[in-house]
>>> print(open('upload-v4.cif').read())   # mmCIF, C-alpha atoms
data_my_file
#
loop_
_atom_site.label_atom_id
_atom_site.label_comp_id
_atom_site.auth_asym_id
_atom_site.auth_seq_id
_atom_site.Cartn_x
_atom_site.Cartn_y
_atom_site.Cartn_z
CA MET A 34 310.73 178.92 214.11
CA LYS A 35 308.42 176.10 212.91
CA ILE A 36 305.58 177.63 214.89
CA HIS A 37 306.10 181.00 213.23
CA ARG A 38 306.11 179.37 209.79
CA SER A 39 302.83 177.58 210.54
CA LEU A 40 301.22 180.78 211.65
CA LEU A 41 302.48 182.55 208.54
CA LEU A 42 301.09 179.85 206.25
CA GLY A 43 297.77 179.95 208.08
CA LEU A 44 297.54 183.71 207.67
CA LEU A 45 298.35 183.49 203.96
CA LEU A 46 295.72 180.75 203.43
CA CYS A 47 293.11 182.78 205.26
CA MET A 48 293.88 185.81 203.08
CA VAL A 49 293.50 183.74 199.91
CA ILE A 50 290.17 182.27 201.02
CA THR A 51 288.85 185.66 202.09
CA THR A 52 289.85 187.18 198.77
CA CYS A 53 288.23 184.44 196.66
CA TYR A 54 285.06 183.91 198.67
CA ARG A 55 282.37 186.55 198.29
CA ALA A 56 279.54 185.91 200.70
CA ASP A 57 277.25 188.31 198.91
CA LYS A 58 277.60 186.34 195.66
CA TYR A 59 276.59 183.01 197.17
CA ASN A 60 274.33 183.96 200.04
CA ASN A 61 272.62 186.87 198.31
CA PRO A 62 272.69 186.01 194.58
CA ASP A 63 271.81 188.71 192.09
CA PRO A 64 268.29 188.10 190.70
CA SER A 65 269.49 189.43 187.34
CA LEU A 66 271.46 186.18 186.90
CA LEU A 67 268.12 184.58 185.94
CA THR A 68 265.69 186.39 183.65
CA LEU A 69 262.42 185.54 181.88
CA ASP A 70 261.34 186.34 178.34
CA ASN A 71 257.73 186.79 177.19
CA ILE A 72 256.80 188.92 180.18
CA THR A 73 253.26 189.47 178.81
CA VAL A 74 251.85 187.20 176.11
CA SER A 75 248.52 185.74 175.01
CA GLY A 76 247.57 182.13 174.41
CA ALA A 77 244.52 180.08 173.40
CA ALA A 78 242.78 178.22 176.23
CA ASP A 79 242.32 175.11 174.08
CA GLY A 80 244.49 172.69 176.09
CA SER A 81 246.73 172.04 173.11
CA THR A 82 248.32 175.17 171.66
CA PRO A 83 251.50 175.78 173.72
CA THR A 84 252.79 179.16 174.83
CA GLU A 85 256.58 179.20 175.16
CA ILE A 86 258.24 180.71 178.22
CA LYS A 87 262.02 181.22 178.07
CA ALA A 88 264.40 181.71 180.98
CA HIS A 89 268.02 182.80 180.62
CA ILE A 90 270.61 181.92 183.24
CA SER A 91 274.06 183.35 183.80
CA SER A 92 276.89 181.94 181.69
CA ASP A 93 278.77 181.52 184.98
CA ALA A 94 276.48 178.67 185.95
CA THR A 95 278.13 175.26 185.90
CA ARG A 96 276.39 172.43 184.05
CA ALA A 97 275.18 171.04 187.38
CA LYS A 98 273.39 174.33 188.06
CA ARG A 99 271.56 174.79 184.77
CA THR A 100 268.26 173.24 185.86
CA VAL A 101 265.42 175.76 185.80
CA VAL A 102 262.17 175.15 187.67
CA PHE A 103 259.15 176.80 186.05
CA LYS A 104 255.97 177.16 188.11
CA THR A 105 252.54 178.44 187.09
CA THR A 106 249.36 179.54 188.81
CA LEU A 107 247.16 178.37 185.91
CA GLY A 108 247.33 175.64 183.29
CA SER A 109 249.96 172.93 182.98
CA PHE A 110 253.35 172.47 181.38
CA LYS A 111 254.04 170.01 178.59
CA GLU A 112 255.82 167.01 180.15
CA GLY A 113 255.46 168.69 183.52
CA LYS A 114 254.00 167.48 186.80
CA GLY A 115 251.23 169.41 188.50
CA ASP A 116 251.92 173.12 188.31
CA SER A 117 255.66 172.90 187.60
CA VAL A 118 258.27 171.49 185.26
CA LEU A 119 262.06 171.07 185.28
CA ARG A 120 264.02 172.17 182.24
CA GLU A 121 267.74 171.98 181.52
CA ALA A 122 269.23 175.09 179.99
CA SER A 123 270.80 174.60 176.56
CA ASP A 124 274.36 175.49 175.59
CA ASN A 125 273.24 179.10 175.13
CA PHE A 126 272.03 179.09 178.76
CA THR A 127 268.35 179.24 177.80
CA ALA A 128 265.64 176.96 179.19
CA THR A 129 262.21 176.73 177.52
CA ALA A 130 258.89 175.54 178.94
CA GLU A 131 255.59 175.08 177.09
CA LEU A 132 252.40 176.07 178.92
CA THR A 133 248.84 175.08 177.97
CA SER A 134 245.44 175.62 179.57
CA THR A 135 241.77 174.88 178.99
CA THR A 136 240.80 177.52 181.56
CA VAL A 137 240.41 181.17 180.65
CA GLY A 138 242.47 183.54 182.78
CA THR A 139 245.97 184.86 183.40
CA ALA A 140 248.77 182.49 184.37
CA ILE A 141 251.61 183.88 186.46
CA VAL A 142 254.80 181.96 185.65
CA SER A 143 257.90 182.11 187.84
CA ALA A 144 261.35 180.59 187.33
CA LYS A 145 264.03 179.47 189.76
CA ALA A 146 267.56 178.14 189.25
CA TYR A 147 270.47 177.37 191.64
CA GLY A 148 268.80 179.23 194.48
CA ILE A 149 267.89 182.27 192.42
CA THR A 150 264.32 183.31 191.68
CA ALA A 151 263.86 185.50 188.63
CA LYS A 152 262.82 188.99 189.61
CA ASP A 153 260.22 189.29 186.84
CA LYS A 154 257.36 186.89 186.16
CA ALA A 155 255.76 185.98 182.86
CA LEU A 156 252.05 186.70 182.46
CA VAL A 157 250.20 184.47 179.99
CA SER A 158 246.67 185.59 179.22
CA PHE A 159 244.65 182.59 178.03
CA GLN A 160 241.78 183.63 175.77
CA ARG A 161 238.57 181.63 175.33
CA ALA A 162 238.61 179.01 172.58
CA TYR A 163 235.14 178.67 171.12
CA PRO A 164 233.85 175.28 169.89
CA ASN A 165 233.01 174.78 166.25
CA SER A 166 230.96 171.60 166.65
CA ILE A 167 228.55 170.04 169.14
CA THR A 168 226.80 166.70 169.56
CA VAL A 169 223.95 165.73 171.88
CA THR A 170 223.01 162.28 173.20
CA VAL A 171 220.57 160.79 175.72
CA ASP A 172 220.95 157.91 178.17
CA SER A 173 217.76 156.27 176.83
CA PHE A 174 215.89 156.41 173.54
CA ALA A 175 212.51 156.12 175.30
CA ILE A 176 211.03 157.56 178.47
CA SER A 177 207.62 157.31 180.14
CA ASN A 178 205.43 160.30 180.97
CA ARG A 179 205.48 159.58 184.70
CA ILE A 180 206.28 162.57 186.89
CA ASN A 181 209.35 160.89 188.39
CA SER A 182 210.83 159.81 185.04
CA GLU A 183 214.17 161.43 184.22
CA LEU A 184 216.49 161.60 181.25
CA ILE A 185 220.18 162.50 181.26
CA ILE A 186 221.08 164.66 178.28
CA THR A 187 224.76 164.99 177.36
CA ALA A 188 226.28 167.57 175.03
CA THR A 189 229.88 167.43 173.81
CA VAL A 190 231.60 170.43 172.23
CA LYS A 191 234.76 170.14 170.15
CA LEU A 192 237.38 172.05 168.21
CA ASP A 193 239.29 170.80 165.20
CA ASN A 194 242.83 169.36 165.15
CA GLY A 195 242.48 167.72 168.55
CA ARG A 196 242.09 170.99 170.42
CA LYS A 197 239.54 171.42 173.21
CA PRO A 198 237.12 174.28 173.81
CA SER A 199 237.76 176.29 176.94
CA VAL A 200 236.29 175.02 180.18
CA GLY A 201 232.98 176.66 180.99
CA THR A 202 231.48 176.93 177.52
CA PRO A 203 227.77 177.61 178.19
CA ILE A 204 225.29 175.23 176.56
CA ILE A 205 221.51 175.72 176.47
CA PHE A 206 219.22 172.68 176.24
CA ASN A 207 215.62 172.49 175.00
CA VAL A 208 213.06 169.73 174.54
CA TYR A 209 210.22 170.28 172.06
CA TYR A 210 207.10 168.58 170.81
CA PRO A 211 207.20 167.89 167.04
CA SER A 212 207.49 171.12 165.11
CA ASN A 213 204.31 172.91 164.13
CA PRO A 214 204.50 174.48 160.63
CA ALA A 215 201.83 177.01 161.59
CA GLY A 216 203.56 178.26 164.73
CA PRO A 217 206.61 178.18 166.97
CA LEU A 218 207.98 175.09 168.63
CA THR A 219 206.38 174.23 171.95
CA LEU A 220 208.48 173.25 174.95
CA ALA A 221 207.66 169.86 176.44
CA GLY A 222 208.06 168.97 180.09
CA ALA A 223 210.69 170.67 182.23
CA PHE A 224 214.30 170.43 183.30
CA VAL A 225 215.06 169.34 186.84
CA ASN A 226 215.31 172.35 189.18
CA ASN A 227 214.35 174.50 186.17
CA ILE A 228 217.97 174.46 185.03
CA ARG A 229 218.33 174.14 181.28
CA GLN A 230 221.85 175.54 180.92
CA ALA A 231 225.12 173.81 181.79
CA SER A 232 228.83 174.50 181.30
CA SER A 233 231.34 172.23 179.63
CA ASP A 234 234.13 170.58 181.61
CA ALA A 235 237.78 170.02 180.65
CA ASN A 236 236.68 167.29 178.21
CA GLY A 237 234.09 169.51 176.54
CA ILE A 238 231.18 167.65 178.15
CA ALA A 239 228.06 169.11 179.80
CA ARG A 240 225.14 167.15 181.27
CA ILE A 241 221.64 168.09 182.37
CA ARG A 242 218.55 166.28 183.75
CA TYR A 243 215.14 166.41 182.09
CA SER A 244 211.69 165.15 183.13
CA PRO A 245 208.56 165.06 180.94
CA GLY A 246 206.56 165.76 184.08
CA GLY A 247 203.47 163.71 183.21
CA VAL A 248 202.57 165.51 179.96
CA ASN A 249 199.61 164.00 178.13
CA TYR A 250 201.44 163.05 174.97
CA GLN A 251 202.93 160.03 173.26
CA GLY A 252 205.43 160.29 170.42
CA ASP A 253 208.85 161.71 169.56
CA LEU A 254 210.36 164.68 171.36
CA THR A 255 213.14 166.75 169.83
CA ILE A 256 216.11 167.58 172.07
CA THR A 257 218.50 170.39 171.14
CA ALA A 258 221.76 171.67 172.56
CA THR A 259 223.20 175.04 171.52
CA THR A 260 226.28 176.90 172.70
CA ALA A 261 225.77 180.41 173.98
CA ASN A 262 228.90 182.43 173.32
CA PRO A 263 228.31 186.14 172.67
CA GLY A 264 230.00 187.29 169.49
CA ALA A 265 230.90 183.76 168.37
CA PRO A 266 229.21 181.12 166.19
CA ASP A 267 226.77 178.94 168.11
CA PRO A 268 226.68 175.40 166.73
CA THR A 269 223.51 173.41 167.44
CA ALA A 270 222.85 169.69 167.59
CA SER A 271 219.67 167.70 168.05
CA THR A 272 218.41 164.19 168.72
CA THR A 273 215.07 162.55 169.48
CA VAL A 274 213.57 160.52 172.30
CA PHE A 275 210.29 158.61 172.30
CA LEU A 276 207.83 159.57 175.05
CA TYR A 277 205.25 156.92 175.92
CA LYS A 278 202.25 157.01 178.25
CA ARG A 279 202.08 154.93 181.43
#
>>> encode(input="upload-v4.cif", output="structure tokens")
Amino acid sequence: MKIHRSLLLGLLLCMVITTCYRADKYNNPDPSLLTLDNITVSGAADGSTPTEIKAHISSDATRAKRTVVFKTTLGSFKEGKGDSVLREASDNFTATAELTSTTVGTAIVSAKAYGITAKDKALVSFQRAYPNSITVTVDSFAISNRINSELIITATVKLDNGRKPSVGTPIIFNVYYPSNPAGPLTLAGAFVNNIRQASSDANGIARIRYSPGGVNYQGDLTITATTANPGAPDPTASTTVFLYKR
């Protein structure tokens, strides 16, 4: 009789477990339990202005399963590491991440929580942020007219309020003899490899190499740097360097 009772209890326990456990719920979770807002949005590629991405998780999720992992193909998350960031969902089961970028392009953002990857992805289109100021400096205030003499010219572009211009802002450099009131400015010397245009990096800096090339002149040269953004203001900066004969 004891054996029959044990078997009966075992059968009842098995029925309870089978009824409560749904393999499809745990092994094949419904992607709709995690969703993303802001499916298609625009942002400024200035490295500072954040674009918010929101993910909503199911209210069935326990507190231990409310961590959402956001991952992006472009830019970086505020307080994140590399291309991802962990965010805890709030009491309304919403997690928010802030994405920034200095690179123009479209970021594809995905979200994952307690084994579930959101079916939809957020697309953040980062638009170019144009600089509104530029400075130009040289690594020496004097240079000789020898053919192998070189000068490093550095231009730095900036935006206001601590923002940064987008990576890849084109900058055109020129070096002139003193201006001639009766005619146009005359280019002096040449840029190394005939390259007089450079693009700014993530810090808004662009550098280029210049050589006077043995010109028969002694005196000041004017160096200019100008951004080249079609349809946008092009700030210009200048400085001088003294060229002496050797």
>>> atom_distance(input="upload-v4.cif", atom1="atom CA of A:Gly246", atom2="atom CA of A:Ala270")
23.5 Å
>>> atom_distance(input="upload-v4.cif", atom1="atom CA of A:Thr73", atom2="atom CA of A:Thr136")
17.5 Å
>>> atom_distance(input="upload-v4.cif", atom1="atom CA of A:Ala239", atom2="atom CA of A:Gly201")
9.1 Å
>>> resolve_selection(input="upload-v4.cif", expression="the PyMOL selection byres ((chain A and resi 105) around 9)", output="PyMOL selection string")
chain A and resi 103-104+106-110+116-117+132+140-143
>>> residues_near_point(input="upload-v4.cif", point="(208.1, 173.0, 183.7)", cutoff="12 Å", atoms="all atoms listed in the file", output="list in words")
Ile180, Asn207, Val208, Thr219, Leu220, Ala221, Gly222, Ala223, Phe224, Val225, Asn226, Asn227, Ile228, Arg229, Tyr243, Ser244, Pro245, Gly246, Gly247 and Val248 of chain A
>>> closest_residue(input="upload-v4.cif", among="A:Lys154, A:Lys111, A:Arg240, A:Arg120", to="A:Pro203", atoms="only C-alpha atoms")
A:Arg240
>>> residues_around(input="upload-v4.cif", residues="A:Ala151", least_positions_apart="4", cutoff="10 Å", atoms="only C-alpha atoms", output="JSON list (two decimals) with C-alpha atoms, keeping the file's coordinate frame")
[["chain", "number", "residue", "atom", "x", "y", "z"],
["A", 63, "ASP", "CA", 271.81, 188.71, 192.09],
["A", 64, "PRO", "CA", 268.29, 188.10, 190.70],
["A", 65, "SER", "CA", 269.49, 189.43, 187.34],
["A", 66, "LEU", "CA", 271.46, 186.18, 186.90],
["A", 67, "LEU", "CA", 268.12, 184.58, 185.94],
["A", 68, "THR", "CA", 265.69, 186.39, 183.65],
["A", 69, "LEU", "CA", 262.42, 185.54, 181.88],
["A", 88, "ALA", "CA", 264.40, 181.71, 180.98],
["A", 89, "HIS", "CA", 268.02, 182.80, 180.62],
["A", 90, "ILE", "CA", 270.61, 181.92, 183.24],
["A", 143, "SER", "CA", 257.90, 182.11, 187.84],
["A", 144, "ALA", "CA", 261.35, 180.59, 187.33],
["A", 145, "LYS", "CA", 264.03, 179.47, 189.76],
["A", 146, "ALA", "CA", 267.56, 178.14, 189.25],
["A", 155, "ALA", "CA", 255.76, 185.98, 182.86]]
>>> resolve_selection(input="upload-v4.cif", expression="the PyMOL selection byres ((chain A and resi 84-86) around 8)", output="PyMOL selection string")
chain A and resi 69-71+75-76+82-83+87-88+129-133+155+157
>>> resolve_selection(input="upload-v4.cif", expression="the PyMOL selection byres ((chain A and resi 193) around 9)", output="list in words")
Pro164, Asn165, Ser166, Lys191, Leu192, Asn194, Gly195, Arg196 and Lys197 of chain A
>>> residues_around(input="upload-v4.cif", residues="A:Ile185", least_positions_apart="4", cutoff="6 Å", atoms="only C-alpha atoms", output="list in words")
Val171, Asp172, Ile241 and Arg242 of chain A
>>> write_last_selection(input="upload-v4.cif", atoms="C-alpha atoms", output="PDB file, in the coordinates of the input")
ATOM      1  CA  VAL A 171     220.570 160.790 175.720  1.00  0.00           C
ATOM      2  CA  ASP A 172     220.950 157.910 178.170  1.00  0.00           C
ATOM      3  CA  ILE A 241     221.640 168.090 182.370  1.00  0.00           C
ATOM      4  CA  ARG A 242     218.550 166.280 183.750  1.00  0.00           C
TER       5      ARG A 242
END
>>> closest_residue(input="upload-v4.cif", among="A:Ala77, A:Gly252, A:Glu121, A:Thr170", to="A:Lys98", atoms="only C-alpha atoms")
A:Glu121
>>> closest_residue(input="upload-v4.cif", among="A:Asn262, A:Thr202, A:Thr273, A:Asn178", to="A:Asn249", atoms="all atoms listed in the file")
A:Asn178
>>> residues_near_point(input="upload-v4.cif", point="(234.0, 170.8, 178.9)", cutoff="8 Å", atoms="all atoms listed in the file", output="list in words")
Thr189, Val190, Lys197, Pro198, Ser199, Val200, Gly201, Thr202, Ser232, Ser233, Asp234, Ala235, Asn236, Gly237, Ile238 and Ala239 of chain A
>>> build_atoms(input="upload-v4.cif", residues="stretch 178-190 of chain A", atoms="N, CA, C and O atoms", output="tab-separated table (two decimals), keeping the file's coordinate frame")
chain	number	residue	atom	x	y	z
A	178	ASN	N	205.91	158.97	180.57
A	178	ASN	CA	205.43	160.30	180.97
A	178	ASN	C	205.10	160.37	182.47
A	178	ASN	O	204.37	161.26	182.89
A	179	ARG	N	205.68	159.48	183.25
A	179	ARG	CA	205.48	159.58	184.70
A	179	ARG	C	206.24	160.80	185.24
A	179	ARG	O	207.28	161.19	184.71
A	180	ILE	N	205.69	161.35	186.33
A	180	ILE	CA	206.28	162.57	186.89
A	180	ILE	C	207.72	162.34	187.35
A	180	ILE	O	208.57	163.23	187.24
A	181	ASN	N	208.00	161.14	187.87
A	181	ASN	CA	209.35	160.89	188.39
A	181	ASN	C	210.31	160.33	187.35
A	181	ASN	O	211.43	159.95	187.68
A	182	SER	N	209.92	160.27	186.09
A	182	SER	CA	210.83	159.81	185.04
A	182	SER	C	211.86	160.90	184.73
A	182	SER	O	211.52	162.09	184.69
A	183	GLU	N	213.11	160.48	184.52
A	183	GLU	CA	214.17	161.43	184.22
A	183	GLU	C	215.03	160.93	183.08
A	183	GLU	O	215.18	159.73	182.85
A	184	LEU	N	215.61	161.88	182.38
A	184	LEU	CA	216.49	161.60	181.25
A	184	LEU	C	217.77	162.42	181.44
A	184	LEU	O	217.71	163.59	181.80
A	185	ILE	N	218.91	161.78	181.21
A	185	ILE	CA	220.18	162.50	181.26
A	185	ILE	C	220.56	162.87	179.83
A	185	ILE	O	220.72	162.01	178.97
A	186	ILE	N	220.71	164.16	179.59
A	186	ILE	CA	221.08	164.66	178.28
A	186	ILE	C	222.54	165.11	178.33
A	186	ILE	O	222.94	165.86	179.24
A	187	THR	N	223.34	164.67	177.38
A	187	THR	CA	224.76	164.99	177.36
A	187	THR	C	225.12	165.71	176.06
A	187	THR	O	224.79	165.24	174.97
A	188	ALA	N	225.78	166.83	176.20
A	188	ALA	CA	226.28	167.57	175.03
A	188	ALA	C	227.80	167.56	175.07
A	188	ALA	O	228.41	167.67	176.14
A	189	THR	N	228.42	167.42	173.91
A	189	THR	CA	229.88	167.43	173.81
A	189	THR	C	230.29	168.45	172.76
A	189	THR	O	229.85	168.37	171.60
A	190	VAL	N	231.10	169.41	173.16
A	190	VAL	CA	231.60	170.43	172.23
A	190	VAL	C	233.05	170.13	171.87
A	190	VAL	O	233.80	169.60	172.69
